[in-house]
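Q: There's a structure below that I have some questions on.
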Amino acid sequence: MKRYLVLEDGTVFAGEAFGAQTTTIGEVVFTTGMTGYQESITDQSYANQILVFTNPLIGNYGVNLDDAESLAPQIKGVICYQLARRPSSWRMQDTLPNYLTQNHIPGLQGIDTRQLVRKLREHGTLRGMLTDDVTNVATLVDQLKAAHPTAGIIAKVSTKSAYPNPGTKRNIVVVDFGIKHSILRELAKRDCNVIVLPCTTTAQQIINLHPDGVLLSNGPGDPEEMTDAVKMVAEVEKHFPLFGICMGHQIFALANGAQTYKMKFGHRGFNHPVRDIATGQISFTSQNHGYAVAKDSIDREQLMVTHEEVNDGTVEGLRHKRYPAFSVQFHPDAAPGPHDADALFDDFISMVDQQKEAQN
């Protein structure tokens, strides 16, 4: 069955359909990851985006519940060059096409993904539509130009009510901007009793819980929309050790006077080299973001830059000079991806423990 990708500039790619039979609109983005397609598809940071895989074959090991980063994927489509015809793995519980059908997500295979990715690299992120009907492309393009697929998206993916991830020893509050399950796994490994709170949580609500530390999760969309969260962080960092990841990093920067900007096509993949400025050590990292912190906007009296992306110099880490608070743009939980940076969770726990000891 034929299916089409229509871009806002009028370009049409024709290929073969798989997954759900539905029409969707989203931002078209690409990931350079060689594996981990299920983790990417279920990452809430891809909410309302159509995900293009540069690896030519996906679906070869199926899907399973253990590798999901959320229970309800929010992406608007999957595009690849070739879908595996006979997936096989001892861990497999379902095939990728069936999984996408169950979650109402359309897929498209058989197009020249190299040509599409080159267009996105040259022109930047574009809005796109997956559809089985292109009888009137001009009308579809008008719909795309009027669409704002990621506006207000964090409110959609964040939890609506608090819930626990039970543990022992350390009480950690996690503010959910689109959290990945792997963050909760890393905290569980480190004896943390976690309460996950909505993105609308106020500083006073967090203070009332008397946590030992606060973690700001990853998430999709434009950080400058999160004005209330920025105010919350500006107050919370004065009281508790704080660790921001991805969207949490950007909100932490905004809370301390910095600015963010939309990147041309973002960082999405598991092979991004990041330099620790203090040590010079290079880590390969998992990344998924379309916005970044503007280096020139950082108040050096409040924040210091701790990490930078080797390829383009993007700000990848910040630390507060007065409060026990830091953040990174990449994903130290790295699911999937390299584990070069997972020691940052240990740094956060060490900061929490030192603060507890100082108060006793």
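Identifiers in the structure tokens: chain A, B, ... in order shown; residue index from 1 per chain; ligand index from 1 in order shown.
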Please tabulate, as JSON lines, the residues of stretch 44-154 of chain A that come within 10 Å of stretch 158-177 of chain A, each with its closest pair of atoms and the distance in Å to one decimal, counting only C-alpha atoms and ordering rows by chain, then residue number upward.

A:
```
{"residue": "A:Gln44", "atom": "CA", "partner": "A:Phe177", "partner_atom": "CA", "distance": 8.7}
{"residue": "A:Ser45", "atom": "CA", "partner": "A:Phe177", "partner_atom": "CA", "distance": 8.8}
{"residue": "A:Ile153", "atom": "CA", "partner": "A:Ser158", "partner_atom": "CA", "distance": 8.8}
{"residue": "A:Ile154", "atom": "CA", "partner": "A:Phe177", "partner_atom": "CA", "distance": 5.7}
```

Q: Could you go through stretch 86-211 of chain A and tell me which residues DSSP, when run on the backbone, assigns to alpha helix (DSSP H), listing them as a ChimeraX atom specification?

A: /A:96-102,113-123,137-146,153-157,181-189,203-208

Q: Would you mind reading off the distance between atom CA of A:Tyr46 and atom CA of A:Ile245, one decimal, in Å?

A: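 Calculated distance between atom CA of A:Tyr46 and atom CA of A:Ile245 is 15.2 Å.
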
Q: Pick out the residues sitting within 8 Å of A:Cys80, and hand them over as a list in words; count only C-alpha atoms, and ignore anything fewer than 3 positions along from it in its own chain.

A: Val52, Phe53, Thr54, Asn55, Pro56, Leu57, Ile58, Leu83, Leu108, Gln109, Gly110, Ile111 and Thr113 of chain A

Q: Report, in Å to a single decimal, how far apart atom CA of A:His210 and atom CA of A:Gly248 are.

A: 20.2 Å

Q: For a quick check of understanding, using only C-alpha atoms, which of A:Gln329, A:Thr306, A:Thr125, A:Gln21 has the smallest distance to A:Asn288?

A: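 Selected residue with least distance to A:Asn288: A:Gln329.
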
Q: Which of these residues is nearest to A:Glu308, using only C-alpha atoms: A:Leu126, A:Val328, A:Val274, A:Val141?

A: A:Val274

Q: Just to confirm, what's the straight-line distance from atom CA of A:Tyr261 to atom CA of A:Glu27 in Å (one decimal)?

A: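 A separation of 16.6 Å between them.
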
Q: Can you tell me, as a PDB file with C-alpha atoms, in the first residue's frame, what residues are no more than 10 Å from A:Val78 when counting only C-alpha atoms, ignoring any on the same chain fewer than 2 positions away?

A:
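Saved the output as part-v9.pdb:
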```
ATOM      1  CA  PHE A  18       3.277   0.050   7.578  1.00  0.00           C
ATOM      2  CA  GLY A  19       1.879   0.600  11.044  1.00  0.00           C
ATOM      3  CA  VAL A  28      10.189  15.853  10.738  1.00  0.00           C
ATOM      4  CA  PHE A  30      16.189  12.485  12.118  1.00  0.00           C
ATOM      5  CA  TYR A  37      14.697   2.256  17.656  1.00  0.00           C
ATOM      6  CA  ILE A  41      10.063   5.774  19.471  1.00  0.00           C
ATOM      7  CA  GLN A  49       7.510  14.564  15.727  1.00  0.00           C
ATOM      8  CA  ILE A  50       7.915  12.275  12.712  1.00  0.00           C
ATOM      9  CA  LEU A  51      11.117  10.346  13.312  1.00  0.00           C
ATOM     10  CA  VAL A  52      13.445   9.475  10.427  1.00  0.00           C
ATOM     11  CA  PHE A  53      16.008   6.726  11.059  1.00  0.00           C
ATOM     12  CA  ILE A  75       5.527  10.396  18.099  1.00  0.00           C
ATOM     13  CA  LYS A  76       3.513  11.099  14.946  1.00  0.00           C
ATOM     14  CA  CYS A  80      12.959   4.287   7.469  1.00  0.00           C
ATOM     15  CA  LEU A 100       2.922   0.982  15.849  1.00  0.00           C
ATOM     16  CA  ILE A 105       1.347   5.526  14.675  1.00  0.00           C
ATOM     17  CA  PRO A 106       1.848   5.354  10.877  1.00  0.00           C
ATOM     18  CA  GLY A 107       5.092   4.203   9.292  1.00  0.00           C
ATOM     19  CA  LEU A 108       6.687   4.766   5.891  1.00  0.00           C
ATOM     20  CA  GLN A 109       9.482   2.727   4.311  1.00  0.00           C
ATOM     21  CA  LEU A 130       2.166  11.209   6.588  1.00  0.00           C
TER      22      LEU A 130
END
```
